[in-house]
$ cat data_29.cif   # mmCIF, C-alpha atoms and all ligand atoms
data_upload
#
loop_
_atom_site.label_atom_id
_atom_site.label_comp_id
_atom_site.auth_asym_id
_atom_site.auth_seq_id
_atom_site.Cartn_x
_atom_site.Cartn_y
_atom_site.Cartn_z
CA MET A 1 -4.72 -18.53 -14.30
CA SER A 2 -4.79 -16.81 -17.72
CA ASN A 3 -7.14 -13.94 -18.34
CA GLY A 4 -8.77 -13.35 -21.74
CA ARG A 5 -8.99 -9.88 -23.25
CA ASN A 6 -11.85 -8.41 -25.21
CA GLY A 7 -11.88 -4.84 -26.51
CA GLY A 8 -9.46 -3.67 -23.82
CA GLU A 9 -11.67 -5.10 -21.10
CA GLN A 10 -10.36 -8.03 -19.14
CA THR A 11 -12.75 -10.94 -18.90
CA PHE A 12 -12.56 -14.27 -17.14
CA PRO A 13 -13.78 -17.51 -18.73
CA GLU A 14 -16.69 -18.92 -16.80
CA GLU A 15 -15.00 -22.26 -16.04
CA GLN A 16 -12.28 -20.32 -14.24
CA ILE A 17 -14.64 -18.45 -12.00
CA CYS A 18 -16.58 -21.65 -11.27
CA THR A 19 -13.33 -23.28 -10.24
CA ALA A 20 -12.36 -20.15 -8.34
CA LEU A 21 -15.68 -20.06 -6.53
CA ALA A 22 -15.46 -23.74 -5.69
CA GLN A 23 -12.02 -23.10 -4.21
CA GLY A 24 -13.17 -19.96 -2.43
CA THR A 25 -11.00 -17.66 -4.57
CA MET A 26 -11.65 -15.15 -7.34
CA PRO A 27 -9.91 -14.60 -10.67
CA THR A 28 -6.90 -12.30 -10.53
CA ASP A 29 -5.44 -9.48 -12.63
CA ALA A 30 -2.41 -9.90 -14.89
CA LYS A 31 -0.02 -9.74 -11.89
CA GLY A 32 -2.01 -12.28 -9.87
CA LEU A 33 -3.74 -9.71 -7.62
CA VAL A 34 -7.42 -9.64 -6.76
CA GLY A 35 -9.44 -6.48 -5.99
CA ARG A 36 -10.95 -5.73 -2.57
CA ARG A 37 -13.00 -2.86 -1.18
CA CYS A 38 -13.30 -1.58 2.39
CA PRO A 39 -16.88 -2.25 3.55
CA ARG A 40 -16.81 0.68 5.99
CA ARG A 41 -19.21 3.31 4.64
CA GLU A 42 -16.95 6.29 5.47
CA CYS A 43 -13.99 4.67 3.69
CA GLY A 44 -15.02 2.31 0.84
CA LYS A 45 -11.56 2.49 -0.75
CA TYR A 46 -10.19 -0.02 -3.24
CA PHE A 47 -7.01 -2.09 -2.95
CA LYS A 48 -5.68 -5.41 -4.24
CA LEU A 49 -3.87 -8.38 -2.73
CA LYS A 50 -2.22 -11.52 -4.04
CA PRO A 51 -3.87 -14.79 -2.98
CA GLY A 52 -1.36 -17.38 -1.80
CA THR A 53 0.93 -14.80 -0.15
CA GLY A 54 0.71 -13.58 3.45
CA LEU A 55 -0.96 -15.43 6.32
CA LYS A 56 -2.37 -18.89 5.72
CA GLY A 57 -5.90 -19.97 6.65
CA ASP A 58 -9.08 -18.05 7.27
CA VAL A 59 -7.84 -14.74 8.67
CA PRO A 60 -9.76 -11.45 8.93
CA CYS A 61 -9.00 -8.69 6.44
CA HIS A 62 -7.81 -5.16 7.36
CA CYS A 63 -8.45 -2.10 5.25
CA PRO A 64 -4.99 -0.74 4.34
CA TYR A 65 -6.26 2.86 4.51
CA CYS A 66 -8.44 3.12 7.62
CA GLY A 67 -7.41 -0.08 9.43
CA PHE A 68 -11.01 -1.43 9.63
CA ARG A 69 -10.95 -5.13 10.47
CA GLY A 70 -13.67 -7.51 9.25
CA ASP A 71 -14.49 -10.87 7.76
CA SER A 72 -12.70 -11.20 4.42
CA ASP A 73 -16.00 -12.11 2.70
CA ASN A 74 -17.18 -8.55 3.35
CA PHE A 75 -14.41 -7.06 1.22
CA TRP A 76 -15.59 -8.16 -2.26
CA THR A 77 -16.01 -5.34 -4.78
CA HIS A 78 -19.33 -4.49 -6.44
CA ASP A 79 -18.01 -5.78 -9.79
CA GLN A 80 -17.00 -9.10 -8.30
CA LYS A 81 -20.42 -9.56 -6.70
CA GLU A 82 -22.13 -8.80 -10.03
CA TYR A 83 -19.81 -11.21 -11.80
CA VAL A 84 -20.57 -14.00 -9.36
CA LYS A 85 -24.29 -13.29 -9.79
CA ALA A 86 -23.97 -13.59 -13.59
CA VAL A 87 -22.08 -16.87 -13.26
CA ALA A 88 -24.70 -18.23 -10.88
CA MET A 89 -27.51 -17.19 -13.26
CA ASN A 90 -25.74 -18.89 -16.19
CA HIS A 91 -25.38 -22.04 -14.16
CA ALA A 92 -29.07 -21.99 -13.16
CA SER A 93 -30.17 -21.32 -16.74
CA GLN A 94 -28.06 -24.20 -18.00
CA GLU A 95 -29.46 -26.58 -15.40
CA LEU A 96 -33.04 -25.55 -16.24
CA HIS A 97 -32.38 -26.12 -19.94
CA LYS A 98 -30.95 -29.57 -19.22
CA MET A 99 -33.94 -30.45 -17.03
CA LEU A 100 -36.45 -29.38 -19.71
CA LYS A 101 -34.47 -31.29 -22.34
CA ARG A 102 -34.90 -34.44 -20.26
CA CYS A 103 -38.70 -33.90 -20.35
CA GLU A 104 -38.97 -33.90 -24.16
CA PHE A 105 -41.44 -36.45 -25.51
CA ASP A 106 -43.03 -37.46 -28.79
CA TYR A 107 -46.18 -39.65 -28.75
CA LYS A 108 -47.10 -41.00 -32.22
CA PRO A 109 -50.77 -41.43 -33.15
CA SER A 110 -52.08 -44.96 -32.66
CA GLY A 111 -54.93 -46.22 -34.87
CA GLY A 112 -56.66 -44.27 -37.65
CA PHE A 113 -57.83 -41.31 -35.48
CA GLY A 114 -54.96 -41.06 -33.05
CA ILE A 115 -53.49 -37.69 -32.14
CA SER A 116 -49.75 -37.15 -31.94
CA VAL A 117 -48.41 -35.14 -28.98
CA SER A 118 -44.83 -34.01 -28.57
CA MET A 119 -42.66 -31.45 -26.78
CA GLU A 120 -39.30 -30.37 -28.07
CA VAL A 121 -37.04 -27.89 -26.26
CA THR A 122 -35.28 -25.60 -28.74
CA GLY A 123 -32.81 -22.78 -28.36
CA SER A 124 -29.99 -22.65 -25.85
CA PRO A 125 -29.69 -21.58 -22.21
CA GLN A 126 -29.82 -17.79 -21.61
CA ARG A 127 -26.39 -16.18 -21.14
CA PHE A 128 -25.81 -13.47 -18.53
CA HIS A 129 -22.70 -11.34 -18.90
CA HIS A 130 -20.79 -9.17 -16.48
CA ARG A 131 -17.27 -8.20 -17.42
CA TYR A 132 -14.92 -6.28 -15.22
CA ARG A 133 -11.31 -5.26 -14.97
CA GLU A 134 -9.34 -4.76 -11.77
CA ARG A 135 -8.08 -1.17 -11.46
CA GLU A 136 -4.50 0.03 -11.70
CA LEU A 137 -3.09 1.19 -8.35
CA GLU A 138 -0.09 3.31 -7.41
CA THR A 139 2.13 1.40 -5.00
CA ASP A 140 2.99 -2.30 -4.76
CA VAL A 141 3.95 -3.41 -1.26
CA VAL A 142 5.35 -6.62 0.22
CA CYS A 143 4.65 -6.85 3.95
CA ASP A 144 7.86 -7.14 6.00
CA ARG A 145 6.18 -9.35 8.57
CA CYS A 146 3.76 -11.73 6.80
CA THR A 147 5.04 -11.35 3.17
CA LEU A 148 1.59 -10.49 1.78
CA VAL A 149 1.83 -8.84 -1.64
CA TYR A 150 -0.69 -6.00 -1.96
CA ALA A 151 -1.30 -2.80 -3.95
CA ILE A 152 -2.72 0.54 -2.81
CA TYR A 153 -3.35 4.16 -3.76
CA GLY A 154 -0.76 6.47 -2.17
CA ALA A 155 2.25 5.08 -0.33
CA PHE A 156 1.38 4.32 3.29
CA ALA A 157 -0.90 1.52 4.46
CA PHE A 158 -1.76 -1.18 6.98
CA CYS A 159 -1.08 -4.74 5.77
CA PRO A 160 -4.50 -6.28 4.90
CA ASP A 161 -3.42 -9.60 6.52
CA CYS A 162 -1.37 -8.83 9.65
CA ALA A 163 -2.25 -5.10 10.03
CA LEU A 164 1.41 -4.02 10.25
CA HIS A 165 1.81 -0.41 9.11
CA ASN A 166 4.29 -0.10 6.23
CA SER A 167 5.71 3.34 7.16
CA LEU A 168 9.07 1.90 8.19
CA THR A 169 9.31 -0.20 5.01
CA ILE A 170 8.74 2.92 2.90
CA LEU A 171 11.33 4.89 4.91
CA ARG A 172 13.92 2.12 4.46
CA LYS A 173 13.17 1.91 0.72
CA ASN A 174 13.81 5.66 0.39
CA LEU A 175 17.02 5.47 2.41
CA GLU A 176 18.22 2.70 0.07
CA ILE A 177 17.54 4.97 -2.91
CA ALA A 178 19.58 7.75 -1.26
CA GLU A 179 22.46 5.28 -0.79
CA LYS A 180 22.24 4.35 -4.47
CA LEU A 181 22.54 8.03 -5.38
CA LEU A 182 25.69 8.22 -3.23
CA SER A 183 27.17 5.16 -4.98
CA LEU A 184 26.43 6.79 -8.31
CA ALA A 185 28.04 10.06 -7.14
CA ALA A 186 31.29 8.18 -6.49
CA THR A 187 31.56 7.44 -10.23
CA GLN A 188 30.86 10.99 -11.47
CA GLU A 189 32.86 14.18 -12.07
CA ARG A 190 32.90 16.73 -9.22
CA GLU A 191 30.01 18.98 -10.26
CA VAL A 192 27.61 16.10 -10.99
CA ALA A 193 28.75 14.27 -7.86
CA GLU A 194 27.97 17.35 -5.71
CA HIS A 195 24.47 17.51 -7.14
CA LEU A 196 23.88 13.82 -6.49
CA VAL A 197 25.08 14.07 -2.89
CA GLY A 198 22.83 17.12 -2.38
CA ASP A 199 19.91 15.20 -3.90
CA ALA A 200 20.61 12.25 -1.61
CA LEU A 201 20.55 14.57 1.43
CA GLU A 202 17.28 16.19 0.32
CA ASN A 203 15.73 12.76 -0.30
CA ILE A 204 16.67 11.55 3.17
CA VAL A 205 15.05 14.59 4.81
CA SER A 206 11.91 14.34 2.60
CA ALA A 207 11.62 10.60 3.33
CA PHE A 208 11.83 11.20 7.08
CA ASP A 209 9.35 14.07 6.85
CA GLY A 210 6.81 11.89 4.97
CA PHE A 211 7.35 9.00 7.35
CA GLY A 212 7.09 11.15 10.49
CA ARG A 213 3.91 12.91 9.32
CA GLU A 214 2.26 9.58 8.53
CA ILE A 215 2.99 7.93 11.86
CA CYS A 216 1.83 11.06 13.70
CA ARG A 217 -1.40 10.92 11.68
CA VAL A 218 -1.93 7.26 12.61
CA ALA A 219 -1.11 7.91 16.27
CA ALA A 220 -3.09 11.19 16.39
CA PRO A 221 -6.00 9.79 18.46
CA ARG A 222 -3.53 9.27 21.33
CA ALA A 223 -2.09 12.79 21.18
CA THR A 224 -3.02 15.61 23.55
CA SER A 225 -4.37 17.42 20.47
CA PRO A 226 -5.25 15.01 17.60
CA SER A 227 -5.70 17.80 15.05
CA ALA A 228 -2.27 19.27 15.90
CA ALA A 229 -0.73 15.76 15.67
CA GLU A 230 -1.90 15.51 12.06
CA ASP A 231 0.15 18.58 11.26
CA VAL A 232 3.59 17.77 12.70
CA ARG A 233 6.42 18.43 10.25
CA PHE A 234 9.82 16.77 10.33
CA GLN A 235 11.92 18.99 8.06
CA SER A 236 13.36 20.56 11.21
CA LEU A 237 14.36 18.01 13.85
CA VAL A 238 14.39 20.66 16.57
CA GLY A 239 10.83 21.72 15.73
CA ALA A 240 9.61 18.12 15.50
CA ARG A 241 11.20 17.29 18.85
CA ARG A 242 9.39 20.20 20.50
CA ARG A 243 6.01 19.23 19.08
CA LEU A 244 6.34 15.51 19.85
CA LEU A 245 7.19 16.35 23.45
CA LYS A 246 4.05 18.46 23.73
CA LEU A 247 1.71 16.11 21.84
CA PHE A 248 2.92 12.66 22.88
CA GLY A 249 5.11 13.35 25.91
CA PHE A 250 8.40 11.81 24.74
CA ASP A 251 11.76 13.24 23.75
CA LEU A 252 12.83 12.39 20.17
CA MET A 253 16.43 13.38 20.94
CA LEU A 254 16.82 10.50 23.41
CA PHE A 255 16.34 7.92 20.63
CA VAL A 256 19.93 8.49 19.39
CA SER A 257 23.26 9.54 20.98
CA ASN A 258 23.92 13.26 21.54
CA PRO A 259 26.63 13.46 18.82
CA ASP A 260 24.31 11.71 16.36
CA TRP A 261 21.45 14.07 17.22
CA ASP A 262 23.63 17.19 16.74
CA PHE A 263 25.00 15.74 13.52
CA ALA A 264 21.50 14.99 12.15
CA CYS A 265 20.25 18.49 13.09
CA ARG A 266 23.17 20.04 11.19
CA CYS A 267 22.44 17.88 8.13
CA PHE A 268 18.79 18.95 8.21
CA GLN A 269 19.93 22.62 8.33
CA LYS A 270 22.16 21.98 5.32
CA ARG A 271 19.14 20.59 3.47
CA HIS A 272 17.28 23.79 4.34
CA LEU A 273 20.07 25.84 2.71
CA LEU A 274 19.99 23.65 -0.41
CA ALA A 275 16.21 23.88 -0.73
CA HIS A 276 15.77 27.58 0.05
CA LYS A 277 19.13 29.42 -0.28
CA MET A 278 20.80 27.78 -3.28
CA GLY A 279 23.12 26.13 -0.78
CA VAL A 280 24.64 29.43 0.39
CA ILE A 281 25.37 29.69 4.12
CA ASP A 282 23.46 32.39 6.04
CA GLU A 283 23.59 33.74 9.58
CA GLU A 284 20.64 31.60 10.64
CA TYR A 285 22.54 28.42 9.70
CA VAL A 286 25.61 29.50 11.67
CA GLN A 287 23.48 30.32 14.73
CA ALA A 288 21.48 27.10 14.54
CA THR A 289 24.34 24.67 13.96
CA LYS A 290 27.45 26.32 15.47
CA ASP A 291 29.23 24.69 12.50
CA PRO A 292 32.91 25.72 12.91
CA ALA A 293 33.58 25.27 9.17
CA ALA A 294 30.74 27.56 8.11
CA VAL A 295 31.43 30.94 6.51
CA VAL A 296 28.46 33.18 5.72
CA GLY A 297 28.14 33.71 1.95
CA ARG A 298 30.04 30.55 1.02
CA LYS A 299 28.49 27.36 -0.34
CA VAL A 300 27.76 24.71 2.23
CA GLN A 301 29.86 21.57 1.89
CA ILE A 302 28.20 18.16 2.03
CA ARG A 303 30.50 15.16 1.98
CA PRO A 304 29.15 11.77 0.77
CA GLU A 305 30.21 10.22 4.13
CA GLU A 306 27.95 12.71 5.89
CA ALA A 307 24.93 11.72 3.81
CA LYS A 308 25.75 8.04 4.39
CA ARG A 309 26.01 8.57 8.15
CA LEU A 310 22.70 10.46 8.06
CA THR A 311 20.94 7.44 6.50
CA ASP A 312 22.14 5.34 9.48
CA VAL A 313 21.02 7.89 12.08
CA ILE A 314 17.62 8.39 10.40
CA SER A 315 17.11 4.65 10.13
CA GLN A 316 17.71 4.32 13.88
CA LEU A 317 15.54 7.34 14.69
CA GLY A 318 12.74 6.05 12.42
CA GLU A 319 12.75 2.57 13.93
CA LYS A 320 12.46 3.88 17.49
CA LEU A 321 9.88 6.49 16.57
CA ALA A 322 7.68 3.89 14.82
CA ALA A 323 8.00 1.44 17.72
CA HIS A 324 6.96 4.25 20.07
CA LEU A 325 4.04 5.69 18.12
CA ILE A 326 2.62 2.72 16.20
CA PRO A 327 3.83 -0.50 17.81
CA PRO A 328 3.23 -3.60 15.63
CA PRO A 329 -0.20 -5.17 16.15
CA PRO A 330 -0.34 -8.62 17.81
CA ALA A 331 0.12 -11.49 15.37
CA THR A 332 -3.16 -12.50 13.71
CA SER A 333 -3.78 -16.23 13.83
CA PRO A 334 -6.21 -18.09 11.57
CA ARG A 335 -9.68 -18.70 12.97
CA SER A 336 -10.30 -22.26 14.06
ZN ZN B 1 -11.23 1.50 5.04
ZN ZN B 2 1.51 -8.37 6.88
#
$ encode --input "data_29.cif" --output "structure tokens" --more "lines below"
Ligand SMILES: [Zn+2]
Ligand SMILES: [Zn+2]
Amino acid sequence: MSNGRNGGEQTFPEEQICTALAQGTMPTDAKGLVGRRCPRRECGKYFKLKPGTGLKGDVPCHCPYCGFRGDSDNFWTHDQKEYVKAVAMNHASQELHKMLKRCEFDYKPSGGFGISVSMEVTGSPQRFHHRYRERELETDVVCDRCTLVYAIYGAFAFCPDCALHNSLTILRKNLEIAEKLLSLAATQEREVAEHLVGDALENIVSAFDGFGREICRVAAPRATSPSAAEDVRFQSLVGARRRLLKLFGFDLMLFVSNPDWDFACRCFQKRHLLAHKMGVIDEEYVQATKDPAAVVGRKVQIRPEEAKRLTDVISQLGEKLAAHLIPPPPATSPRS
């Protein structure tokens, strides 16, 4: 479907929307996505999805931000409703014009005193216009489970089709980026390589922190203190473990082997040194990690193999944590 442009505003030829309406679809943006809006008054946020991807058939729609589930016909945007109204008015006006045209007549006078009577319909049907443009959003997502292509503000969301939360997808994407940094480091001189490995380590910790906070936010209603659950941080594994135990009653450490847990805790401490101490070892690090290679005042060493191993441990930890806190919703089947 091609979209015309007029003065920077995207418009859709009327025949297209008529066809789209007849087929139960709406015109799309340049990437093939169509806008939607959460009908829940407290939310009302905008997102887009790509028709033809995701679940087949008449399935309910889920708001990616608040998870509200409703009939997909309730998710049209204000602009789309106005556009449909304009198209309907144009159609009605055209039909009326055609009908009046059919009623034209012209009676000629008969005899010397006859009167001529005629009616001619002039002019053209009234045109109603409503142009709109779908908005630009921040993150494009492809659902891991149902393959729906959708776009959102922010990074985390529920899939509008199958309601799967994308937190694990985002974590995996970030871990892949960290691995790419490590591959790049292998081709660089020592100083640059050290920076890249340090960046990879910081990215892994930040990715897990963002992921952990989000799933705690989603699972907060089930916590012993929902407000405290919305404020759990994951930059320290030891601290996160303590809070999860208190709020949700499970032990994060048991999701991986003891050596992997100790290893990950040490890596997170190294990240703390990089972020706050210019990478220089302090007493706190030595106490927390019992790292036999650590010397106070020296720069902490991070080997690329360590960062690589950390991506594997965090991937495992993330998968189990997500399964525990936000298990995937049951598969949505089309309505009969
Ligand atoms: Zn919503
Ligand atoms: Zn999905």
$ atom_distance --input "data_29.cif" --atom1 "atom CA of A:Ala86" --atom2 "atom CA of A:Arg127"
8.3 Å
$ residues_around --input "data_29.cif" --residues "A:Ile215" --least-positions-apart "2" --cutoff "10 Å" --atoms "all atoms listed in the file" --output "ChimeraX atom specification"
/A:156,165-168,210-213,217-220,229-230,232,318,321-322,324-326
$ atom_distance --input "data_29.cif" --atom1 "atom CA of A:Glu120" --atom2 "atom CA of A:His91"
21.4 Å
$ residues_around --input "data_29.cif" --residues "A:Thr289" --least-positions-apart "2" --cutoff "9 Å" --atoms "all atoms listed in the file" --output "number ranges by chain"
A: 262-263, 265-266, 269, 284-287, 291-292
$ residues_near_ligand --input "data_29.cif" --ligand "ligand ZN 1 (chain B)" --cutoff "10 Å" --atoms "all atoms listed in the file" --output "PDB file with C-alpha atoms, in the coordinates of the input"
ATOM      1  CA  ARG A  37     -13.000  -2.860  -1.180  1.00  0.00           C
ATOM      2  CA  CYS A  38     -13.300  -1.580   2.390  1.00  0.00           C
ATOM      3  CA  PRO A  39     -16.880  -2.250   3.550  1.00  0.00           C
ATOM      4  CA  ARG A  40     -16.810   0.680   5.990  1.00  0.00           C
ATOM      5  CA  ARG A  41     -19.210   3.310   4.640  1.00  0.00           C
ATOM      6  CA  GLU A  42     -16.950   6.290   5.470  1.00  0.00           C
ATOM      7  CA  CYS A  43     -13.990   4.670   3.690  1.00  0.00           C
ATOM      8  CA  GLY A  44     -15.020   2.310   0.840  1.00  0.00           C
ATOM      9  CA  LYS A  45     -11.560   2.490  -0.750  1.00  0.00           C
ATOM     10  CA  TYR A  46     -10.190  -0.020  -3.240  1.00  0.00           C
ATOM     11  CA  PHE A  47      -7.010  -2.090  -2.950  1.00  0.00           C
ATOM     12  CA  HIS A  62      -7.810  -5.160   7.360  1.00  0.00           C
ATOM     13  CA  CYS A  63      -8.450  -2.100   5.250  1.00  0.00           C
ATOM     14  CA  PRO A  64      -4.990  -0.740   4.340  1.00  0.00           C
ATOM     15  CA  TYR A  65      -6.260   2.860   4.510  1.00  0.00           C
ATOM     16  CA  CYS A  66      -8.440   3.120   7.620  1.00  0.00           C
ATOM     17  CA  GLY A  67      -7.410  -0.080   9.430  1.00  0.00           C
ATOM     18  CA  PHE A  68     -11.010  -1.430   9.630  1.00  0.00           C
ATOM     19  CA  ARG A  69     -10.950  -5.130  10.470  1.00  0.00           C
ATOM     20  CA  PHE A  75     -14.410  -7.060   1.220  1.00  0.00           C
TER      21      PHE A  75
END
$ atom_distance --input "data_29.cif" --atom1 "atom CA of A:Arg233" --atom2 "atom CA of A:Lys320"
17.3 Å
